Amino acid sequence: MGPKTLPKLEQRDATERNLNVIRAGSDIGGTFTDVILFDPKTQDIRIAKIPSTPNLEQAVLDGIAATGKQANELEVLVHGSTIVINALLERKGVKTALVTTEGFRDVYEIGRINRPDSFNVFFKKHDPLVKRELRFEIVERVLPDAVLTPIDTTSIEQLIEKLRDHSVDAIAILLLHSYANPTHEITLKAALEKAFPTAFISTSSELTREYREYERTSTVVANAYVGPIVEHYLGELARHLKTRDFDGNFYLMQSNGGLISEDEARKNCIALIESGPAGGVIGTQQVLNDLKLPSGVAFDMGGTTAKAGVVENGSPRIGHQYFIGSYNTGLPVLTPVMDIHEVGTGGGSIASVTAYGELRVGPRSAGAIPGPACYQAGGRDATVTDANVVLGRLNAALPLAGSMKVDESAARNALAENVAKPLGVSVEQAAVGILQVANTAMAYAISAVTVERGLNPADFVLVAYGGAGPLHATQIARELGIRQVVIPPSPGVFSAYGMLFADPQGHASRTRITRVDANSLGGLENIVTELIDEAVAPLNIAAGMADMIEFHADMRYVGQEHTVNVPLEREMILHGLHAEIKARFDTVHERSYSHSAEDEPAEIVTLRCVASLNSDKPNFAAISETIGETLPNFEAPVWLSKDFAEALPFFARGTLGAKQRIDGPAVIFEETASTLLLNGDSAVAHANGHLLIEIEHADIE
């Protein structure tokens with residue numbers, strides 16, 4: 001057991017807390033580890049950005065120490081990590097077995113038999129995490145509402161012997177219709193835990209109570225596959241924290257934007273699949289709320305990848321199915337997750353020239369070690385960061401992340417050898433080309449969560465963060481027709497910052513196909529109560545203590561296959577308000593598909609419940625107004641095109657007062673990021689520290 005995980009700070013008195021109130025957020029990326037500390041008493045915020053190390057838990061502790069505080073001074077630590085998604089994408093999980101109902105072991109490999117890319121002769125199906133020889137069957141069969149064949153004890157004994165022969169580290173259990181009746185899964189897990197006390201054993205009914213056998217199989221296999229890795233990682237981090245006398249609340253960032261306790265994360269590892277990026281989207285939601293803006297695109301460009309998500313009408317877009325890899329060949333996972341699209345383009349993305357003379361950027365990354373060539377740590381490949389240094393957009397006189405010095409000559413040499421010479425162009429032309437390719441790839445990530453969802457990116461503001469996001473934001477905004485860009489405070493550590501705005505959450509779902517009419521909704525009353533109890537259970541509270549309980553329903557017209565997610569009030573379900581539920585569904589369907597069928601009957605497929613607790617959150621610190629014009633700190637040559645450089649003013653963001661305006665072209669620099677303003681752009685400092693950038697309309701049109 002690690003540090004205790006209590007639900008609310010208010011429930012611990014000052015003596016028990018030793019007067020500690022500091023909340024910390026930590027986000028481990030492929031290149032940097034970000035840590036931010038917030039003191040609710042003083043509203044003081046401290047940040048640290050250090051290179052990520054192979055020893056991930058040590059990077060968290062080093063980041064805390066770099067802020068000038070120690071772990072024993074913290075009341076809450078919120079942690080986000082890419083350990084789950086990395087293990088899945090790189091196929092570095094443990095040896096896992098799958099146990100399923102007799103006759104169904106090949107469902108995991110058969111999948112849905114859909115072919116998303118119909119005319120691709122090189123198309124390949126998904127590659128299961130568990131090969132056929134490690135998929136075992138057991139004699140049993142339940143129906144959604146009855147037991148057809150009791151679980152066979154002899155079959156269990158034979159299964160145990162087979163598993164012993166294969167020496168597996170983890171076991172995934174998926175029995176038919178266990179989403180409705182998990183009795184056999186519970187019985188089988190108890191027997192396997194007795195036989196294999198050190199193995200990680202996961203059942204599908206513990207993770208999701210939704211139908212669709214293939215998706216449930218894929219979910220429980222993925223959870224078991226990474227389970228021992230997550231257990232070890234969290235155990236080591238908890239052990240290191242304990243040796244430093246940390247006695248506060250330790251939470252993990254879930255993919256849906258809520259917080260989960262360490263104990264829950266050890267069981268439901270798959271909830272952490274997009275742990276780090278979710279923090280930035282939650283932070284974006286708070287920025288938009290602070291600016292009284294309804295919707296925006298969250299754009300996070302770090303050292304390894306760029307990610308985009310959407311906040312629409314004040315709420316992040318949440319999906320309930322995630323694909324490990326891609327929709328075409330990926331493995332589905334049933335878990336609530338932010339609608340985030342990721343591309344392998346970041347500051348450390350490697351630029352290269354193919355044998356056919358094509359310039360490519362990413363997905364290979366220089367990472368933290370050795371990093372871009374300009375880091376002077378042994379890197380020889382040309383990267384996006386090196387291109388920005390060559391063009392003067394990242395000024396070599398300004399250290400990265402507050403302390404890391406960059407070497408322009410090393411960046412220039414890397415671009416010359418790897419890109420400029422093979423293409424027969426100047427180093428500056430090569431650098432401009434690298435950025436154009438990178439910006440196009442990142443614009444696609446934003447299009448994937450807007451255009452491909454029926455949304456117009458021009459209707460949104462772009463909230464840009466990450467160490468490299470502000471440097472590319474105005475260029476990407478032009479490409480997509482976005483007219484306003486927002487750079488929040490401390491953009492380089494903003495995903496960690498966003499975690500401080502997250503609340504502990506519990507989720508529950510249940511598939512029960514129910515007609516929306518006067519005679520059928522009464523059957524959902526008991527399910528509503530059960531879902532509330534299940535949702536609050538991870539919070540260690542009674543149902544009445546939750547600060548917020550929300551319901552959503554996956555709905556469709558009778559005869560349809562796919563659903564849309566409809567927010568509902570609890571009273572609408574309990575009081576059987578079928579006309580109001582149907583009208584709300586029609587509205588959502590119209591918005592999603594530009595048509596609806598008011599006269600057609602509808603049905604609820606899956607009911608979902610979210611319970612949450614409020615936590616102390618930071619306020620964006622107000623900045624004072626400054627009288628008079630702000631003068632630049634210095635001027636330096638910057639290439640805005642491949643043809644020539646021009647002297648641009650560089651302004652320190654910390655010297656800008658509220659309402660002060662900077663007209664482009666210019667660069668605004670700070671400890672963890674630099675913001676590039678192009679010709680016609682104008683930036684105004686908001687009273688709460690945000691940079692509001694207007695993109696010149698003529699360039700868009």
# chains A, B, ... in the order shown; residues from 1 in each chain; ligands from 1
call {"tool": "residues_around", "arguments": {"residues": "segment 255-264 of chain A", "least_positions_apart": "3", "cutoff": "7 Å", "atoms": "only C-alpha atoms", "output": "tab-separated table (two decimals) with N, CA and C atoms, in the first residue's frame"}}
result
chain	number	residue	atom	x	y	z
A	5	THR	N	-5.30	7.62	0.16
A	5	THR	CA	-6.01	8.34	-0.88
A	5	THR	C	-7.39	8.72	-0.35
A	250	PHE	N	-2.75	10.79	-2.98
A	250	PHE	CA	-2.07	10.50	-4.23
A	250	PHE	C	-3.11	10.08	-5.26
A	251	TYR	N	-3.26	10.88	-6.30
A	251	TYR	CA	-4.23	10.61	-7.35
A	251	TYR	C	-3.54	10.44	-8.70
A	252	LEU	N	-4.19	9.67	-9.56
A	252	LEU	CA	-3.76	9.54	-10.95
A	252	LEU	C	-4.77	10.23	-11.84
A	267	LYS	N	-6.09	-1.45	-10.34
A	267	LYS	CA	-7.05	-2.43	-10.88
A	267	LYS	C	-7.52	-2.04	-12.27
A	268	ASN	N	-7.85	-0.78	-12.43
A	268	ASN	CA	-8.39	-0.27	-13.69
A	268	ASN	C	-7.30	0.52	-14.42
A	271	ALA	N	-7.79	2.91	-17.50
A	271	ALA	CA	-8.33	4.27	-17.33
A	271	ALA	C	-7.26	5.33	-17.48
A	272	LEU	N	-5.98	4.92	-17.47
A	272	LEU	CA	-4.87	5.86	-17.56
A	272	LEU	C	-4.32	5.97	-18.98
A	273	ILE	N	-5.02	5.45	-19.97
A	273	ILE	CA	-4.45	5.30	-21.31
A	273	ILE	C	-4.07	6.64	-21.95
A	274	GLU	N	-4.83	7.70	-21.67
A	274	GLU	CA	-4.48	9.04	-22.14
A	274	GLU	C	-4.37	9.97	-20.93
A	275	SER	N	-3.65	9.51	-19.94
A	275	SER	CA	-3.59	10.19	-18.65
A	275	SER	C	-3.01	11.60	-18.75
A	278	ALA	N	-5.00	14.44	-20.99
A	278	ALA	CA	-6.29	14.86	-20.44
A	278	ALA	C	-6.14	16.08	-19.55
A	279	GLY	N	-5.01	16.20	-18.86
A	279	GLY	CA	-4.80	17.36	-17.99
A	279	GLY	C	-4.83	18.66	-18.75
A	282	ILE	N	-8.47	19.61	-19.59
A	282	ILE	CA	-9.16	20.14	-18.42
A	282	ILE	C	-8.68	21.58	-18.13
A	318	ILE	N	-16.11	13.81	-24.73
A	318	ILE	CA	-15.70	12.52	-24.18
A	318	ILE	C	-16.20	11.41	-25.08
A	336	PRO	N	-14.07	5.53	-20.72
A	336	PRO	CA	-14.29	6.95	-21.02
A	336	PRO	C	-12.95	7.65	-21.25
A	337	VAL	N	-12.84	8.37	-22.34
A	337	VAL	CA	-11.58	9.01	-22.68
A	337	VAL	C	-11.86	10.32	-23.42
A	338	MET	N	-11.03	11.31	-23.16
A	338	MET	CA	-11.14	12.55	-23.91
A	338	MET	C	-11.01	12.27	-25.41
A	502	ALA	N	-8.61	19.31	-11.92
A	502	ALA	CA	-9.41	18.09	-12.03
A	502	ALA	C	-9.97	17.68	-10.67
A	503	ASP	N	-11.09	16.99	-10.70
A	503	ASP	CA	-11.76	16.51	-9.49
A	503	ASP	C	-11.76	14.99	-9.45
A	504	PRO	N	-11.73	14.38	-8.26
A	504	PRO	CA	-11.91	12.93	-8.17
A	504	PRO	C	-13.24	12.52	-8.78
A	505	GLN	N	-13.20	11.46	-9.60
A	505	GLN	CA	-14.41	11.01	-10.30
A	505	GLN	C	-14.53	9.50	-10.26
A	538	PRO	N	-15.53	4.19	-5.88
A	538	PRO	CA	-14.11	4.52	-5.90
A	538	PRO	C	-13.76	5.77	-5.09
call {"tool": "select_by_dssp", "arguments": {"residues": "segment 83-253 of chain A", "states": "strand (DSSP E or B)", "output": "PyMOL selection string"}}
result
chain A and resi 96-101+135-138+141-143+146-149+170-174+200-203+249-253
call {"tool": "write_last_selection", "arguments": {"atoms": "N, CA and C atoms", "output": "PDB file, in the first residue's frame"}}
result
ATOM      1  N   THR A  96       0.518 -12.679 -21.193  1.00  0.00           N
ATOM      2  CA  THR A  96      -0.872 -12.654 -20.744  1.00  0.00           C
ATOM      3  C   THR A  96      -1.661 -13.793 -21.364  1.00  0.00           C
ATOM      4  N   ALA A  97      -2.560 -14.377 -20.580  1.00  0.00           N
ATOM      5  CA  ALA A  97      -3.480 -15.402 -21.068  1.00  0.00           C
ATOM      6  C   ALA A  97      -4.895 -14.841 -21.073  1.00  0.00           C
ATOM      7  N   LEU A  98      -5.706 -15.327 -21.994  1.00  0.00           N
ATOM      8  CA  LEU A  98      -7.116 -14.962 -22.066  1.00  0.00           C
ATOM      9  C   LEU A  98      -7.956 -16.206 -21.810  1.00  0.00           C
ATOM     10  N   VAL A  99      -8.916 -16.089 -20.902  1.00  0.00           N
ATOM     11  CA  VAL A  99      -9.848 -17.178 -20.611  1.00  0.00           C
ATOM     12  C   VAL A  99     -11.242 -16.710 -20.999  1.00  0.00           C
ATOM     13  N   THR A 100     -11.928 -17.500 -21.822  1.00  0.00           N
ATOM     14  CA  THR A 100     -13.245 -17.104 -22.305  1.00  0.00           C
ATOM     15  C   THR A 100     -14.172 -18.307 -22.373  1.00  0.00           C
ATOM     16  N   THR A 101     -15.408 -18.046 -22.727  1.00  0.00           N
ATOM     17  CA  THR A 101     -16.427 -19.092 -22.818  1.00  0.00           C
ATOM     18  C   THR A 101     -16.092 -20.081 -23.937  1.00  0.00           C
ATOM     19  N   ARG A 135      -4.869 -18.463 -25.495  1.00  0.00           N
ATOM     20  CA  ARG A 135      -6.301 -18.214 -25.309  1.00  0.00           C
ATOM     21  C   ARG A 135      -6.963 -19.541 -24.941  1.00  0.00           C
ATOM     22  N   PHE A 136      -7.614 -19.552 -23.787  1.00  0.00           N
ATOM     23  CA  PHE A 136      -8.178 -20.799 -23.259  1.00  0.00           C
ATOM     24  C   PHE A 136      -9.694 -20.665 -23.077  1.00  0.00           C
ATOM     25  N   GLU A 137     -10.365 -21.804 -23.141  1.00  0.00           N
ATOM     26  CA  GLU A 137     -11.822 -21.822 -23.007  1.00  0.00           C
ATOM     27  C   GLU A 137     -12.231 -22.586 -21.760  1.00  0.00           C
ATOM     28  N   ILE A 138     -13.410 -22.256 -21.281  1.00  0.00           N
ATOM     29  CA  ILE A 138     -13.938 -22.926 -20.095  1.00  0.00           C
ATOM     30  C   ILE A 138     -15.421 -23.220 -20.311  1.00  0.00           C
ATOM     31  N   ARG A 141     -21.937 -21.067 -19.532  1.00  0.00           N
ATOM     32  CA  ARG A 141     -22.689 -20.201 -20.441  1.00  0.00           C
ATOM     33  C   ARG A 141     -23.810 -19.520 -19.668  1.00  0.00           C
ATOM     34  N   VAL A 142     -23.812 -18.198 -19.698  1.00  0.00           N
ATOM     35  CA  VAL A 142     -24.922 -17.449 -19.117  1.00  0.00           C
ATOM     36  C   VAL A 142     -25.584 -16.642 -20.215  1.00  0.00           C
ATOM     37  N   LEU A 143     -26.850 -16.363 -20.026  1.00  0.00           N
ATOM     38  CA  LEU A 143     -27.594 -15.442 -20.865  1.00  0.00           C
ATOM     39  C   LEU A 143     -27.726 -14.130 -20.101  1.00  0.00           C
ATOM     40  N   ALA A 146     -30.264 -15.236 -17.407  1.00  0.00           N
ATOM     41  CA  ALA A 146     -30.357 -16.594 -16.854  1.00  0.00           C
ATOM     42  C   ALA A 146     -29.036 -17.327 -17.046  1.00  0.00           C
ATOM     43  N   VAL A 147     -28.860 -18.409 -16.275  1.00  0.00           N
ATOM     44  CA  VAL A 147     -27.696 -19.273 -16.422  1.00  0.00           C
ATOM     45  C   VAL A 147     -28.090 -20.450 -17.293  1.00  0.00           C
ATOM     46  N   LEU A 148     -27.427 -20.608 -18.430  1.00  0.00           N
ATOM     47  CA  LEU A 148     -27.728 -21.701 -19.350  1.00  0.00           C
ATOM     48  C   LEU A 148     -26.936 -22.956 -18.984  1.00  0.00           C
ATOM     49  N   THR A 149     -25.617 -22.778 -18.718  1.00  0.00           N
ATOM     50  CA  THR A 149     -24.747 -23.888 -18.322  1.00  0.00           C
ATOM     51  C   THR A 149     -23.919 -23.447 -17.118  1.00  0.00           C
ATOM     52  N   ALA A 170      -0.100 -12.593 -16.285  1.00  0.00           N
ATOM     53  CA  ALA A 170      -1.403 -11.943 -16.137  1.00  0.00           C
ATOM     54  C   ALA A 170      -2.462 -12.786 -16.830  1.00  0.00           C
ATOM     55  N   ILE A 171      -3.692 -12.684 -16.322  1.00  0.00           N
ATOM     56  CA  ILE A 171      -4.808 -13.453 -16.881  1.00  0.00           C
ATOM     57  C   ILE A 171      -5.991 -12.508 -17.078  1.00  0.00           C
ATOM     58  N   ALA A 172      -6.526 -12.506 -18.290  1.00  0.00           N
ATOM     59  CA  ALA A 172      -7.723 -11.728 -18.607  1.00  0.00           C
ATOM     60  C   ALA A 172      -8.905 -12.675 -18.718  1.00  0.00           C
ATOM     61  N   ILE A 173     -10.025 -12.333 -18.081  1.00  0.00           N
ATOM     62  CA  ILE A 173     -11.212 -13.188 -18.080  1.00  0.00           C
ATOM     63  C   ILE A 173     -12.353 -12.469 -18.786  1.00  0.00           C
ATOM     64  N   LEU A 174     -12.891 -13.111 -19.815  1.00  0.00           N
ATOM     65  CA  LEU A 174     -14.048 -12.586 -20.541  1.00  0.00           C
ATOM     66  C   LEU A 174     -15.021 -13.729 -20.767  1.00  0.00           C
ATOM     67  N   PHE A 200      -1.503 -11.111 -12.068  1.00  0.00           N
ATOM     68  CA  PHE A 200      -2.469 -10.022 -12.199  1.00  0.00           C
ATOM     69  C   PHE A 200      -3.677 -10.592 -12.931  1.00  0.00           C
ATOM     70  N   ILE A 201      -4.840 -10.561 -12.282  1.00  0.00           N
ATOM     71  CA  ILE A 201      -6.039 -11.165 -12.860  1.00  0.00           C
ATOM     72  C   ILE A 201      -7.114 -10.099 -12.985  1.00  0.00           C
ATOM     73  N   SER A 202      -7.661  -9.969 -14.171  1.00  0.00           N
ATOM     74  CA  SER A 202      -8.642  -8.916 -14.450  1.00  0.00           C
ATOM     75  C   SER A 202      -9.858  -9.526 -15.132  1.00  0.00           C
ATOM     76  N   THR A 203     -11.051  -9.115 -14.711  1.00  0.00           N
ATOM     77  CA  THR A 203     -12.284  -9.571 -15.350  1.00  0.00           C
ATOM     78  C   THR A 203     -12.926  -8.425 -16.117  1.00  0.00           C
ATOM     79  N   ASN A 249      -2.680  12.870  -0.226  1.00  0.00           N
ATOM     80  CA  ASN A 249      -3.554  12.167  -1.159  1.00  0.00           C
ATOM     81  C   ASN A 249      -2.842  12.010  -2.498  1.00  0.00           C
ATOM     82  N   PHE A 250      -2.755  10.789  -2.979  1.00  0.00           N
ATOM     83  CA  PHE A 250      -2.070  10.501  -4.232  1.00  0.00           C
ATOM     84  C   PHE A 250      -3.109  10.082  -5.260  1.00  0.00           C
ATOM     85  N   TYR A 251      -3.261  10.884  -6.304  1.00  0.00           N
ATOM     86  CA  TYR A 251      -4.234  10.613  -7.353  1.00  0.00           C
ATOM     87  C   TYR A 251      -3.538  10.436  -8.697  1.00  0.00           C
ATOM     88  N   LEU A 252      -4.191   9.674  -9.562  1.00  0.00           N
ATOM     89  CA  LEU A 252      -3.756   9.537 -10.949  1.00  0.00           C
ATOM     90  C   LEU A 252      -4.770  10.228 -11.839  1.00  0.00           C
ATOM     91  N   MET A 253      -4.273  10.840 -12.909  1.00  0.00           N
ATOM     92  CA  MET A 253      -5.154  11.492 -13.875  1.00  0.00           C
ATOM     93  C   MET A 253      -5.761  10.438 -14.789  1.00  0.00           C
TER      94      MET A 253
END
call {"tool": "atom_distance", "arguments": {"atom1": "atom CA of Pro277 of chain A", "atom2": "atom CA of Asp554 of chain A"}}
result
25.0 Å
call {"tool": "select_by_dssp", "arguments": {"residues": "segment 400-522 of chain A", "states": "helix (DSSP H, G or I)", "output": "ChimeraX atom specification"}}
result
/A:408-423,427-449,451-453,457-459,469-480,491-499,521-522
call {"tool": "closest_residue", "arguments": {"among": "A:Gln285, A:Gln321, A:Ser403, A:Thr587", "to": "Ala66 of chain A", "atoms": "only C-alpha atoms"}}
result
A:Ser403
call {"tool": "closest_residue", "arguments": {"among": "A:Ala195, A:Ile28, A:Val449, A:Ala535", "to": "Leu61 of chain A", "atoms": "only C-alpha atoms"}}
result
A:Ile28
call {"tool": "atom_distance", "arguments": {"atom1": "atom CA of Ser490 of chain A", "atom2": "atom CA of Ile623 of chain A"}}
result
13.7 Å
call {"tool": "residues_around", "arguments": {"residues": "Ala368 of chain A", "least_positions_apart": "6", "cutoff": "10 Å", "atoms": "only C-alpha atoms", "output": "PDB file with C-alpha atoms, in the first residue's frame"}}
result
ATOM      1  CA  GLY A  29       6.278  13.256 -21.308  1.00  0.00           C
ATOM      2  CA  GLY A  30       8.626  11.626 -23.765  1.00  0.00           C
ATOM      3  CA  THR A  31      11.096  14.500 -23.523  1.00  0.00           C
ATOM      4  CA  PHE A  32      10.388  16.507 -20.371  1.00  0.00           C
ATOM      5  CA  THR A  33       8.818  15.927 -16.969  1.00  0.00           C
ATOM      6  CA  ILE A  50      13.366  18.759 -16.255  1.00  0.00           C
ATOM      7  CA  PRO A  51      14.417  16.181 -18.862  1.00  0.00           C
ATOM      8  CA  SER A  52      12.589  12.862 -18.531  1.00  0.00           C
ATOM      9  CA  THR A  53      14.695   9.916 -17.432  1.00  0.00           C
ATOM     10  CA  PRO A  54      14.285   6.139 -17.857  1.00  0.00           C
ATOM     11  CA  GLY A 303       8.850  17.211 -27.367  1.00  0.00           C
ATOM     12  CA  THR A 304       7.607  13.941 -28.858  1.00  0.00           C
ATOM     13  CA  GLY A 348      12.127  16.446 -30.895  1.00  0.00           C
ATOM     14  CA  TYR A 375      20.883  20.354 -26.752  1.00  0.00           C
ATOM     15  CA  ALA A 377      23.866  15.971 -25.505  1.00  0.00           C
ATOM     16  CA  GLY A 379      22.145  14.184 -30.748  1.00  0.00           C
TER      17      GLY A 379
END
call {"tool": "atom_distance", "arguments": {"atom1": "atom CA of Pro457 of chain A", "atom2": "atom CA of Asn313 of chain A"}}
result
14.0 Å
call {"tool": "closest_residue", "arguments": {"among": "A:Lys41, A:His177, A:His589, A:Arg266", "to": "Thr217 of chain A", "atoms": "only C-alpha atoms"}}
result
A:His177
call {"tool": "residues_around", "arguments": {"residues": "Ala382 of chain A", "least_positions_apart": "4", "cutoff": "6 Å", "atoms": "only C-alpha atoms", "output": "list in words"}}
result
Ile350, Ala351, Ala414 and Leu415 of chain A
